[in-house]
Amino acid sequence: MRIFEPHAHMISRVTDDYERMAMAGVVAVLEPAFWVGQPRTRVGTFLDYFDTLVGWERYRAAQFGIRHYCAIALNPKEANDDRVNEGVMAELPRYLEKDGVLAVGEIGYDDMTPREDRFFGEQLELAKKHGLPALIHTPHRDKKRGVERTMALLREVGFPMERALVDHNNEETVPLVIDSGCWLGFSIYPDTKMDEDRMVAILERSGTTRMIVNSACDWGKSDPLKVAKTAVRMRQRGFAAEAIDRVVFGNPVEFFAQSGRLDRAELEAGPDSDRELFEGNSVLRGQTR
Amino acid sequence: MLSELLALVSARAGVDGAAWLDGACAGLSAGQGALAELFPAASRRVGRGPLGAASPREYWRVDDGARVALLLAASGREPTVTLAAARDLYFSGDAREKVGVLRALPWLDSDVAGDPAALATVLDAVRVNQGEIFEAALLDDGYGARHLPPHEFRKAVLKAVFLGLPLARIAGLAARADAELSASLLDYVHEREAAGRSVPVDLWAVAALHPPPGLVAKLVGLLEHPDSRHRAAAAHALRLAGDARARPFVADRAAREPDAAVAAALRT
Ligand SMILES: [Zn+2]
């Protein structure tokens with residue numbers, strides 16, 4: 001089984017988690033930019049965070065044969081903070097040109113404030129300008145109205161629905177998002193929000209088209225193996241191998257490939273394979289004797 | 001130089017990639033275009049395969065060539081401003097961007113003393129653990145081989161030994177090696193031996209340039225090593241050390257040495 005984990009906050013995870021994920025079949029991880037628990041008071045801490053996503057995390061992941069991609073954005077929570085919001089927006093364009101940045105995200109609504117409206121809309125425009133799809137967070141409170149308002153904004157700015165991944169869905173939001181033409185993300189958590197059984201029931205009811213499962217694995221109680229566990233549950237419930245592969249690999253790859261920056265052949269070849277072949281030595285050759 | 005690089009990149013980047021780079025460089029030469037947005041995009045525009053450049057740039061990739069070209073185009077107007085910009089691109093860059101900046105430094109800075117922005121960049125690069133960044137800072141015609149201050153240079157050479165990198169790829173190492181480096185290398189040998197581990201064979205030739213006490217005796221002992229690569233390295237290092245006390249042992253081994261190449265090295 002091969003897994004493209006499409007939403008994992010690896011910065012909150014220890015290096016052993018990468019190893020466990022690799023053993024469970026994860027070949028690629030996409031880490032969207034979000035808040036980090038403690039509010040940031042300066043633009044510089046955002047930049048260090050973005051640099052970590054395109055630098056150090058990529059290196060950590062590569063040690064276990066995992067390719068690390070990311071999405072960059074001003075997240076909806078901190079969009080409300082006037083100490084940082086405009087300063088971060090001004091820095092986004094150069095990050096959105098980086099290799100391995102496959103989407104603008106997480107953007108969206110948290111409390112549905114006027115500031116969230118403004119920066120959500122502006123970042124959808126940025127996504128259009130840089131040719132990137134959008135990874136959209138939906139609020140955990142008042143979710144249904146949050147999703148409706150998201151759809152309305154996407155239509156208002158004329159954002160192509162097939163380039164939007166609307167995340168953290170539940171049973172109530174599924175029909176709405178399916179009808180819109182957007183992709184559907186589901187975050188599988190240990191206790192709260194969506195779990196594996198409910199997820200499989202949704203897949204049985206609504207099919208696997210445009211369905212994407214993630215573990216989120218953030219700072220809360222969460223589990224980086226939730227995608228693998230969902231795949232196991234799908235198999236137990238009789239899903240064919242192709243259907244499982246579509247949900248945990250094919251769909252996320254197809255969605256993020258819309259960035260034009262995801263090389264499928266490279267993905268299947270493993271991390272830094274070009275370097276191995278080209279230079280004949282490994283990044284991690286040290287201390288082998 | 002810029003035109004030479006553009007030709008190399010064009011030969012491998014495809015029509016679209018070559019046109020993109022030509023346009024970007026022309027714009028930067030004229031003071032137009034955002035270097036901070038062009039620089040990160042280079043890899044997917046021109047590709048990441050081998051550039052096909054001659055030694056000492058045989059490890060360059062196509063995007064390295066493109067990034068150096070972008071910086072050279074920008075530097076035509078304001079060299080010192082571009083060095084500061086290169087440093088900023090380095091510190092906000094991913095691994096490929098960092099390598100691109102490091103490869104450009106020797107071209108951007110001809111000052112023997114070293115530009116402060118370039119030094120800050122290369123000092124960071126030799127501290128990181130990511131192989132390709134460290135290698136671009138120190139190996140081949142890397143800026144660090146020539147410009148790192150003595151202490152940092154010795155630390156970088158030791159790190160190269162730790163990483164198992166070929167020391168022959170550090171340009172000018174023989175000229176910069178000193179007694180302190182040799183002493184550190186011998187300490188490293190002792191640490192490896194205490195742990196029951198092997199020692200990289202290319203270390204001896206560097207340590208022998210300024211042999212610390214005990215080194216020649218170790219090399220004489222290595223003449224009896226079962227692996228001919230170790231014997232060859234010892235023979236070569238003994239010649240560099242030029243210590244008369246080793247001569248009878250070298251002659252003794254030369255008379256018994258079964259490996260023709262090692263025997264030849266012992267007799268020179
Ligand atoms: Zn998230």
# chains A, B, ... in the order shown; residues from 1 in each chain; ligands from 1

call {"tool": "residues_near_ligand", "arguments": {"ligand": "ligand 1", "cutoff": "8 Å", "atoms": "only C-alpha atoms and all ligand atoms", "output": "ChimeraX atom specification"}}
result
/A:7-9,32-34,106,137,216-218

call {"tool": "write_last_selection", "arguments": {"atoms": "N, CA and C atoms", "output": "compact mmCIF listing (two decimals), in the first residue's frame"}}
result
# COMPACT_ATOMS: atom_id res chain seq x y z
N HIS A 7 -2.37 15.96 4.43
CA HIS A 7 -2.56 17.01 5.42
C HIS A 7 -1.98 16.52 6.74
N ALA A 8 -0.72 16.90 7.01
CA ALA A 8 -0.08 16.46 8.24
C ALA A 8 0.82 17.58 8.74
N HIS A 9 0.63 17.96 10.01
CA HIS A 9 1.45 19.02 10.59
C HIS A 9 2.67 18.40 11.25
N PRO A 32 0.41 21.49 5.33
CA PRO A 32 -0.10 22.84 5.13
C PRO A 32 0.31 23.75 6.28
N ALA A 33 0.50 25.01 5.96
CA ALA A 33 0.83 25.99 7.00
C ALA A 33 -0.43 26.28 7.81
N PHE A 34 -0.30 26.25 9.12
CA PHE A 34 -1.44 26.59 9.97
C PHE A 34 -0.91 27.33 11.17
N GLU A 106 -3.22 26.39 4.86
CA GLU A 106 -4.67 26.36 4.95
C GLU A 106 -5.22 27.77 5.00
N HIS A 137 -9.46 25.12 4.96
CA HIS A 137 -9.87 24.70 6.31
C HIS A 137 -11.33 25.13 6.52
N ALA A 216 -4.24 14.74 9.68
CA ALA A 216 -4.00 16.06 10.27
C ALA A 216 -2.76 16.05 11.17
N CYS A 217 -2.65 15.06 11.98
CA CYS A 217 -1.60 14.90 13.01
C CYS A 217 -0.96 16.22 13.40
N ASP A 218 -1.68 16.93 14.24
CA ASP A 218 -1.27 18.27 14.65
C ASP A 218 -0.87 18.29 16.12

call {"tool": "residues_around", "arguments": {"residues": "Lys193 of chain A", "least_positions_apart": "5", "cutoff": "9 Å", "atoms": "only C-alpha atoms", "output": "VMD selection string"}}
result
chain A and resid 140 168 170 187 to 188

call {"tool": "residues_around", "arguments": {"residues": "Glu242 of chain A", "least_positions_apart": "4", "cutoff": "12 Å", "atoms": "only C-alpha atoms", "output": "list in words"}}
result
Met1, Arg2, Thr208, Ala231, Met234, Arg235, Gly238, Arg246, Val247, Val248, Phe249, Gly250 and Asn251 of chain A

call {"tool": "interface_residues", "arguments": {"of": "chain B", "to": "chain A", "cutoff": "8 Å", "atoms": "only C-alpha atoms", "output": "PyMOL selection string"}}
result
chain B and resi 36-38+40-41+43-44+49-50+59+92-95+130-132+162-164+197-198

call {"tool": "write_last_selection", "arguments": {"atoms": "all heavy atoms", "output": "short mmCIF file (atom, residue, chain, number, x, y, z; two decimals), in the first residue's frame"}}
result
data_model
loop_
_atom_site.label_atom_id
_atom_site.label_comp_id
_atom_site.auth_asym_id
_atom_site.auth_seq_id
_atom_site.Cartn_x
_atom_site.Cartn_y
_atom_site.Cartn_z
N ALA B 36 13.65 37.47 -6.17
CA ALA B 36 13.13 36.60 -5.11
C ALA B 36 12.04 35.65 -5.61
O ALA B 36 11.78 34.63 -5.00
CB ALA B 36 12.61 37.44 -3.96
N GLU B 37 11.39 35.99 -6.72
CA GLU B 37 10.38 35.07 -7.27
C GLU B 37 10.94 34.23 -8.42
O GLU B 37 10.47 33.11 -8.65
CB GLU B 37 9.14 35.85 -7.72
CG GLU B 37 8.35 36.39 -6.53
CD GLU B 37 7.06 37.09 -6.92
OE1 GLU B 37 6.40 36.64 -7.87
OE2 GLU B 37 6.72 38.10 -6.26
N LEU B 38 11.92 34.77 -9.15
CA LEU B 38 12.53 34.00 -10.24
C LEU B 38 13.42 32.88 -9.69
O LEU B 38 13.42 31.76 -10.20
CB LEU B 38 13.37 34.93 -11.12
CG LEU B 38 12.59 36.01 -11.90
CD1 LEU B 38 13.55 37.06 -12.45
CD2 LEU B 38 11.79 35.35 -13.03
N PRO B 40 13.47 30.98 -6.84
CA PRO B 40 12.90 29.68 -6.42
C PRO B 40 12.28 28.88 -7.56
O PRO B 40 12.23 27.67 -7.49
CB PRO B 40 11.84 30.07 -5.38
CG PRO B 40 11.63 31.53 -5.52
CD PRO B 40 12.86 32.10 -6.13
N ALA B 41 11.82 29.56 -8.61
CA ALA B 41 11.12 28.86 -9.69
C ALA B 41 12.07 28.13 -10.64
O ALA B 41 11.63 27.33 -11.47
CB ALA B 41 10.26 29.85 -10.47
N SER B 43 14.18 25.60 -10.69
CA SER B 43 14.28 24.14 -10.85
C SER B 43 13.19 23.59 -11.76
O SER B 43 13.45 22.78 -12.64
CB SER B 43 14.21 23.45 -9.49
OG SER B 43 15.27 23.86 -8.67
N ARG B 44 11.96 24.04 -11.54
CA ARG B 44 10.89 23.46 -12.36
C ARG B 44 10.86 24.08 -13.75
O ARG B 44 10.25 23.54 -14.66
CB ARG B 44 9.54 23.57 -11.67
CG ARG B 44 9.05 24.96 -11.43
CD ARG B 44 7.63 24.95 -10.86
NE ARG B 44 7.21 26.30 -10.60
CZ ARG B 44 7.56 27.00 -9.52
NH1 ARG B 44 8.30 26.45 -8.61
NH2 ARG B 44 7.15 28.23 -9.36
N GLY B 49 18.43 17.87 -13.82
CA GLY B 49 19.40 16.84 -14.22
C GLY B 49 20.81 17.41 -14.25
O GLY B 49 21.02 18.58 -13.97
N PRO B 50 21.78 16.57 -14.63
CA PRO B 50 23.17 17.04 -14.71
C PRO B 50 23.33 18.16 -15.73
O PRO B 50 22.73 18.11 -16.81
CB PRO B 50 23.94 15.80 -15.16
CG PRO B 50 23.06 14.64 -14.87
CD PRO B 50 21.65 15.13 -14.94
N TYR B 59 29.59 18.30 -10.90
CA TYR B 59 28.44 17.90 -10.08
C TYR B 59 27.30 18.92 -10.15
O TYR B 59 26.30 18.77 -9.48
CB TYR B 59 28.87 17.68 -8.63
CG TYR B 59 29.80 16.50 -8.49
CD1 TYR B 59 31.18 16.66 -8.42
CD2 TYR B 59 29.28 15.20 -8.47
CE1 TYR B 59 32.03 15.57 -8.31
CE2 TYR B 59 30.13 14.11 -8.36
CZ TYR B 59 31.49 14.30 -8.28
OH TYR B 59 32.33 13.21 -8.18
N SER B 92 16.42 32.09 2.99
CA SER B 92 14.99 31.78 2.83
C SER B 92 14.78 30.70 1.78
O SER B 92 13.66 30.45 1.36
CB SER B 92 14.21 33.04 2.48
OG SER B 92 14.56 33.46 1.18
N GLY B 93 15.85 30.04 1.36
CA GLY B 93 15.73 29.09 0.27
C GLY B 93 15.55 27.65 0.71
O GLY B 93 15.90 27.30 1.84
N ASP B 94 15.03 26.82 -0.18
CA ASP B 94 15.03 25.38 0.07
C ASP B 94 16.42 24.85 -0.32
O ASP B 94 17.30 25.62 -0.71
CB ASP B 94 13.88 24.68 -0.66
CG ASP B 94 14.00 24.74 -2.18
OD1 ASP B 94 15.10 25.00 -2.70
OD2 ASP B 94 12.98 24.53 -2.85
N ALA B 95 16.59 23.54 -0.21
CA ALA B 95 17.94 22.98 -0.39
C ALA B 95 18.51 23.31 -1.77
O ALA B 95 19.68 23.69 -1.89
CB ALA B 95 17.90 21.47 -0.16
N GLN B 130 22.63 18.87 6.07
CA GLN B 130 22.14 18.40 4.78
C GLN B 130 23.32 18.28 3.81
O GLN B 130 23.96 19.26 3.47
CB GLN B 130 21.08 19.34 4.23
CG GLN B 130 19.75 19.14 4.93
CD GLN B 130 18.83 20.32 4.73
OE1 GLN B 130 18.92 21.31 5.43
NE2 GLN B 130 17.94 20.22 3.76
N GLY B 131 23.57 17.06 3.38
CA GLY B 131 24.76 16.77 2.59
C GLY B 131 24.98 17.68 1.41
O GLY B 131 26.06 18.24 1.24
N GLU B 132 23.96 17.88 0.56
CA GLU B 132 24.22 18.61 -0.67
C GLU B 132 24.57 20.07 -0.40
O GLU B 132 25.33 20.69 -1.16
CB GLU B 132 23.05 18.49 -1.66
CG GLU B 132 21.76 19.12 -1.21
CD GLU B 132 20.67 19.03 -2.28
OE1 GLU B 132 20.98 19.10 -3.48
OE2 GLU B 132 19.50 18.89 -1.91
N PHE B 162 34.01 13.08 8.72
CA PHE B 162 32.87 12.43 9.40
C PHE B 162 31.83 11.94 8.40
O PHE B 162 31.26 10.88 8.55
CB PHE B 162 32.19 13.43 10.34
CG PHE B 162 32.64 13.30 11.76
CD1 PHE B 162 33.79 13.94 12.20
CD2 PHE B 162 31.90 12.56 12.67
CE1 PHE B 162 34.21 13.83 13.51
CE2 PHE B 162 32.31 12.43 13.99
CZ PHE B 162 33.47 13.08 14.41
N LEU B 163 31.56 12.79 7.40
CA LEU B 163 30.51 12.47 6.44
C LEU B 163 30.99 11.48 5.38
O LEU B 163 30.22 11.05 4.53
CB LEU B 163 30.03 13.76 5.75
CG LEU B 163 29.30 14.76 6.65
CD1 LEU B 163 29.08 16.08 5.92
CD2 LEU B 163 27.96 14.18 7.10
N GLY B 164 32.28 11.14 5.42
CA GLY B 164 32.80 10.19 4.45
C GLY B 164 32.97 10.79 3.07
O GLY B 164 32.94 10.08 2.06
N ARG B 197 36.37 0.92 14.97
CA ARG B 197 35.88 1.23 13.63
C ARG B 197 37.04 1.57 12.69
O ARG B 197 38.14 1.86 13.13
CB ARG B 197 34.88 2.39 13.70
CG ARG B 197 33.74 2.09 14.66
CD ARG B 197 32.85 3.29 14.86
NE ARG B 197 31.81 3.37 13.85
CZ ARG B 197 30.93 4.36 13.78
NH1 ARG B 197 30.99 5.36 14.63
NH2 ARG B 197 30.02 4.37 12.84
N SER B 198 36.73 1.54 11.40
CA SER B 198 37.78 1.78 10.41
C SER B 198 38.02 3.28 10.23
O SER B 198 37.24 4.11 10.67
CB SER B 198 37.39 1.14 9.08
OG SER B 198 36.27 1.83 8.56
#

call {"tool": "residues_around", "arguments": {"residues": "segment 124-132 of chain A", "least_positions_apart": "4", "cutoff": "9 Å", "atoms": "only C-alpha atoms", "output": "ChimeraX atom specification"}}
result
/A:92-93,96-97,101-104,107,119-120,154,157,159-160,163,256,258-260

call {"tool": "write_last_selection", "arguments": {"atoms": "N, CA, C and O atoms", "output": "tab-separated table (two decimals), in the first residue's frame"}}
result
chain	number	residue	atom	x	y	z
A	92	LEU	N	4.11	36.32	1.11
A	92	LEU	CA	3.66	35.06	0.50
A	92	LEU	C	4.12	34.84	-0.95
A	92	LEU	O	4.48	33.72	-1.30
A	93	PRO	N	4.12	35.86	-1.81
A	93	PRO	CA	4.41	35.59	-3.22
A	93	PRO	C	5.72	34.83	-3.46
A	93	PRO	O	5.75	33.90	-4.26
A	96	LEU	N	5.24	31.20	-2.65
A	96	LEU	CA	4.34	30.49	-3.57
A	96	LEU	C	5.03	30.13	-4.88
A	96	LEU	O	4.47	29.42	-5.70
A	97	GLU	N	6.24	30.63	-5.09
A	97	GLU	CA	7.01	30.25	-6.28
A	97	GLU	C	7.97	29.10	-6.01
A	97	GLU	O	8.68	28.66	-6.91
A	101	VAL	N	6.02	23.63	-3.01
A	101	VAL	CA	4.81	24.31	-2.51
A	101	VAL	C	3.71	24.02	-3.52
A	101	VAL	O	3.72	24.54	-4.63
A	102	LEU	N	2.79	23.14	-3.16
A	102	LEU	CA	1.83	22.61	-4.13
A	102	LEU	C	0.45	23.24	-4.00
A	102	LEU	O	-0.45	22.90	-4.76
A	103	ALA	N	0.26	24.13	-3.02
A	103	ALA	CA	-1.06	24.74	-2.84
A	103	ALA	C	-0.93	25.97	-1.96
A	103	ALA	O	0.08	26.16	-1.28
A	104	VAL	N	-1.98	26.78	-1.98
A	104	VAL	CA	-2.14	27.84	-0.99
A	104	VAL	C	-3.01	27.25	0.12
A	104	VAL	O	-4.10	26.75	-0.15
A	107	ILE	N	-6.17	28.02	4.09
A	107	ILE	CA	-6.93	29.25	4.15
A	107	ILE	C	-8.36	28.87	4.51
A	107	ILE	O	-8.65	27.69	4.69
A	119	PHE	N	-8.88	38.14	3.95
A	119	PHE	CA	-7.65	37.43	3.64
A	119	PHE	C	-7.91	36.09	2.93
A	119	PHE	O	-7.07	35.63	2.16
A	120	PHE	N	-9.04	35.47	3.18
A	120	PHE	CA	-9.44	34.28	2.43
A	120	PHE	C	-9.57	34.65	0.94
A	120	PHE	O	-8.97	34.01	0.06
A	154	LEU	N	-15.99	31.16	-2.94
A	154	LEU	CA	-15.32	30.57	-4.11
A	154	LEU	C	-16.02	31.02	-5.40
A	154	LEU	O	-15.37	31.37	-6.38
A	157	VAL	N	-15.34	34.89	-6.15
A	157	VAL	CA	-14.06	35.25	-6.76
A	157	VAL	C	-13.80	34.45	-8.04
A	157	VAL	O	-12.76	34.61	-8.67
A	159	PHE	N	-13.29	31.22	-8.39
A	159	PHE	CA	-12.21	30.23	-8.24
A	159	PHE	C	-12.69	28.90	-8.82
A	159	PHE	O	-13.80	28.46	-8.54
A	160	PRO	N	-11.86	28.23	-9.64
A	160	PRO	CA	-12.28	26.95	-10.24
A	160	PRO	C	-12.50	25.91	-9.14
A	160	PRO	O	-11.59	25.60	-8.39
A	163	ARG	N	-10.20	23.02	-8.36
A	163	ARG	CA	-8.89	23.32	-7.79
A	163	ARG	C	-8.98	23.65	-6.30
A	163	ARG	O	-8.02	24.18	-5.72
A	256	PHE	N	-3.24	17.57	-6.14
A	256	PHE	CA	-2.07	18.45	-5.99
A	256	PHE	C	-1.27	18.55	-7.28
A	256	PHE	O	-0.52	19.52	-7.47
A	258	GLN	N	-2.40	19.37	-9.92
A	258	GLN	CA	-2.91	20.55	-10.63
A	258	GLN	C	-1.98	21.76	-10.45
A	258	GLN	O	-2.11	22.75	-11.17
A	259	SER	N	-1.06	21.68	-9.48
A	259	SER	CA	-0.09	22.76	-9.29
A	259	SER	C	0.94	22.78	-10.42
A	259	SER	O	1.64	23.76	-10.60
A	260	GLY	N	1.03	21.65	-11.15
A	260	GLY	CA	2.07	21.54	-12.17
A	260	GLY	C	3.45	21.31	-11.57
A	260	GLY	O	4.45	21.34	-12.27

call {"tool": "select_by_dssp", "arguments": {"residues": "segment 77-143 of chain B", "states": "alpha helix (DSSP H)", "output": "PyMOL selection string"}}
result
chain B and resi 79-91+95-108+116-125+131-138+143

call {"tool": "write_last_selection", "arguments": {"atoms": "C-alpha atoms", "output": "PDB file, in the first residue's frame"}}
result
ATOM      1  CA  PRO B  79      27.851  43.397  -7.119  1.00  0.00           C
ATOM      2  CA  THR B  80      27.709  44.133  -3.379  1.00  0.00           C
ATOM      3  CA  VAL B  81      23.940  44.506  -3.399  1.00  0.00           C
ATOM      4  CA  THR B  82      23.700  41.154  -5.138  1.00  0.00           C
ATOM      5  CA  LEU B  83      25.888  39.458  -2.545  1.00  0.00           C
ATOM      6  CA  ALA B  84      23.508  40.665   0.165  1.00  0.00           C
ATOM      7  CA  ALA B  85      20.549  39.529  -1.953  1.00  0.00           C
ATOM      8  CA  ALA B  86      22.225  36.153  -2.469  1.00  0.00           C
ATOM      9  CA  ARG B  87      22.618  35.768   1.289  1.00  0.00           C
ATOM     10  CA  ASP B  88      18.912  36.533   1.776  1.00  0.00           C
ATOM     11  CA  LEU B  89      17.960  34.046  -0.939  1.00  0.00           C
ATOM     12  CA  TYR B  90      20.113  31.463   0.782  1.00  0.00           C
ATOM     13  CA  PHE B  91      18.539  31.936   4.200  1.00  0.00           C
ATOM     14  CA  ALA B  95      17.937  22.982  -0.389  1.00  0.00           C
ATOM     15  CA  ARG B  96      18.202  23.478  -4.160  1.00  0.00           C
ATOM     16  CA  GLU B  97      18.103  27.271  -3.803  1.00  0.00           C
ATOM     17  CA  LYS B  98      20.770  27.164  -1.110  1.00  0.00           C
ATOM     18  CA  VAL B  99      23.015  25.080  -3.352  1.00  0.00           C
ATOM     19  CA  GLY B 100      22.443  27.562  -6.186  1.00  0.00           C
ATOM     20  CA  VAL B 101      23.543  30.490  -4.017  1.00  0.00           C
ATOM     21  CA  LEU B 102      26.619  28.632  -2.760  1.00  0.00           C
ATOM     22  CA  ARG B 103      27.675  27.758  -6.301  1.00  0.00           C
ATOM     23  CA  ALA B 104      27.397  31.411  -7.286  1.00  0.00           C
ATOM     24  CA  LEU B 105      29.484  32.859  -4.451  1.00  0.00           C
ATOM     25  CA  PRO B 106      32.937  32.336  -6.013  1.00  0.00           C
ATOM     26  CA  TRP B 107      31.702  34.119  -9.135  1.00  0.00           C
ATOM     27  CA  LEU B 108      30.081  37.005  -7.308  1.00  0.00           C
ATOM     28  CA  PRO B 116      30.823  39.551   4.850  1.00  0.00           C
ATOM     29  CA  ALA B 117      27.500  38.469   3.322  1.00  0.00           C
ATOM     30  CA  ALA B 118      29.170  35.638   1.423  1.00  0.00           C
ATOM     31  CA  LEU B 119      31.022  34.533   4.550  1.00  0.00           C
ATOM     32  CA  ALA B 120      27.823  34.512   6.626  1.00  0.00           C
ATOM     33  CA  THR B 121      26.234  32.327   3.980  1.00  0.00           C
ATOM     34  CA  VAL B 122      29.006  29.788   3.738  1.00  0.00           C
ATOM     35  CA  LEU B 123      29.441  29.644   7.528  1.00  0.00           C
ATOM     36  CA  ASP B 124      25.815  28.587   7.848  1.00  0.00           C
ATOM     37  CA  ALA B 125      26.195  26.056   5.057  1.00  0.00           C
ATOM     38  CA  GLY B 131      24.761  16.773   2.591  1.00  0.00           C
ATOM     39  CA  GLU B 132      24.222  18.612  -0.675  1.00  0.00           C
ATOM     40  CA  ILE B 133      24.376  22.020   1.032  1.00  0.00           C
ATOM     41  CA  PHE B 134      27.541  21.206   2.940  1.00  0.00           C
ATOM     42  CA  GLU B 135      29.152  19.768  -0.175  1.00  0.00           C
ATOM     43  CA  ALA B 136      28.357  22.830  -2.279  1.00  0.00           C
ATOM     44  CA  ALA B 137      29.939  25.044   0.378  1.00  0.00           C
ATOM     45  CA  LEU B 138      33.200  23.156   0.650  1.00  0.00           C
ATOM     46  CA  TYR B 143      33.573  29.254  -1.751  1.00  0.00           C
TER      47      TYR B 143
END

call {"tool": "closest_residue", "arguments": {"among": "B:Ser10, B:Ser55, B:Ser75, B:Ser3", "to": "Gly31 of chain B", "atoms": "only C-alpha atoms"}}
result
B:Ser75

call {"tool": "residues_around", "arguments": {"residues": "segment 226-238 of chain B", "least_positions_apart": "4", "cutoff": "12 Å", "atoms": "only C-alpha atoms", "output": "JSON, numbers by chain"}}
result
{"B": [198, 199, 200, 201, 202, 203, 204, 205, 206, 207, 208, 209, 210, 211, 215, 216, 217, 218, 219, 220, 221, 222, 242, 243, 244, 245, 246, 247, 249, 250, 251, 253, 254, 257, 258, 259, 260, 261, 262, 263, 264, 265, 266, 267, 268]}

call {"tool": "atom_distance", "arguments": {"atom1": "atom CA of Glu78 of chain A", "atom2": "atom CA of Tyr109 of chain A"}}
result
10.8 Å

call {"tool": "select_by_dssp", "arguments": {"residues": "segment 17-193 of chain B", "states": "strand (DSSP E or B)", "output": "ChimeraX atom specification"}}
result
/B:50,61,140,170

call {"tool": "write_last_selection", "arguments": {"atoms": "N, CA and C atoms", "output": "compact mmCIF listing (two decimals), in the first residue's frame"}}
result
# COMPACT_ATOMS: atom_id res chain seq x y z
N PRO B 50 21.78 16.57 -14.63
CA PRO B 50 23.17 17.04 -14.71
C PRO B 50 23.33 18.16 -15.73
N ARG B 61 24.04 20.83 -11.39
CA ARG B 61 22.83 20.43 -12.12
C ARG B 61 22.34 21.61 -12.95
N ASP B 140 34.96 20.90 -4.36
CA ASP B 140 35.22 21.38 -5.73
C ASP B 140 35.63 22.85 -5.68
N ILE B 170 38.28 18.77 -1.91
CA ILE B 170 38.41 20.09 -1.28
C ILE B 170 39.59 20.82 -1.94

call {"tool": "residues_around", "arguments": {"residues": "Ala152 of chain A", "least_positions_apart": "5", "cutoff": "12 Å", "atoms": "only C-alpha atoms", "output": "JSON, numbers by chain"}}
result
{"A": [108, 117, 120, 121, 145, 146, 147, 157, 158, 159, 161, 176, 177, 180]}

call {"tool": "residues_around", "arguments": {"residues": "Leu72 of chain B", "least_positions_apart": "4", "cutoff": "7 Å", "atoms": "only C-alpha atoms", "output": "VMD selection string"}}
result
chain B and resid 2 68 76 108

call {"tool": "write_last_selection", "arguments": {"atoms": "N, CA, C and O atoms", "output": "CSV table (one decimal), in the first residue's frame"}}
result
chain,number,residue,atom,x,y,z
B,2,LEU,N,28.6,34.5,-18.1
B,2,LEU,CA,27.2,34.4,-18.1
B,2,LEU,C,26.7,33.7,-19.4
B,2,LEU,O,25.9,32.8,-19.4
B,68,VAL,N,22.9,30.4,-10.9
B,68,VAL,CA,24.1,31.2,-10.9
B,68,VAL,C,24.0,32.3,-12.0
B,68,VAL,O,24.4,33.4,-11.9
B,76,GLY,N,25.6,42.3,-12.5
B,76,GLY,CA,26.2,43.2,-13.4
B,76,GLY,C,26.0,44.6,-13.0
B,76,GLY,O,26.8,45.5,-13.3
B,108,LEU,N,30.6,35.7,-7.7
B,108,LEU,CA,30.1,37.0,-7.3
B,108,LEU,C,31.1,37.8,-6.5
B,108,LEU,O,31.1,39.0,-6.5

call {"tool": "atom_distance", "arguments": {"atom1": "atom CA of Gly105 of chain A", "atom2": "atom CA of Ala164 of chain A"}}
result
10.1 Å

call {"tool": "atom_distance", "arguments": {"atom1": "atom CA of Glu57 of chain A", "atom2": "atom CA of Val14 of chain A"}}
result
10.8 Å

call {"tool": "decode", "arguments": {"residues": "segment 59-65 of chain A", "atoms": "N, CA, C and O atoms", "output": "compact mmCIF listing (two decimals), in the first residue's frame"}}
result
# COMPACT_ATOMS: atom_id res chain seq x y z
N TYR A 59 14.04 17.63 4.74
CA TYR A 59 15.22 16.82 5.05
C TYR A 59 14.88 15.70 6.03
O TYR A 59 15.27 14.55 5.85
N ARG A 60 14.11 16.04 7.07
CA ARG A 60 13.72 15.00 8.05
C ARG A 60 12.97 13.87 7.35
O ARG A 60 13.22 12.70 7.59
N ALA A 61 12.03 14.26 6.49
CA ALA A 61 11.21 13.26 5.81
C ALA A 61 12.06 12.38 4.90
O ALA A 61 11.87 11.15 4.83
N ALA A 62 12.99 13.01 4.19
CA ALA A 62 13.79 12.28 3.20
C ALA A 62 14.61 11.16 3.84
O ALA A 62 14.92 10.16 3.20
N GLN A 63 14.94 11.34 5.13
CA GLN A 63 15.71 10.31 5.81
C GLN A 63 14.98 8.97 5.84
O GLN A 63 15.60 7.94 6.02
N PHE A 64 13.66 9.02 5.70
CA PHE A 64 12.87 7.79 5.76
C PHE A 64 12.22 7.48 4.42
O PHE A 64 11.25 6.73 4.34
N GLY A 65 12.74 8.08 3.37
CA GLY A 65 12.21 7.79 2.04
C GLY A 65 10.88 8.46 1.78
O GLY A 65 10.14 8.04 0.90
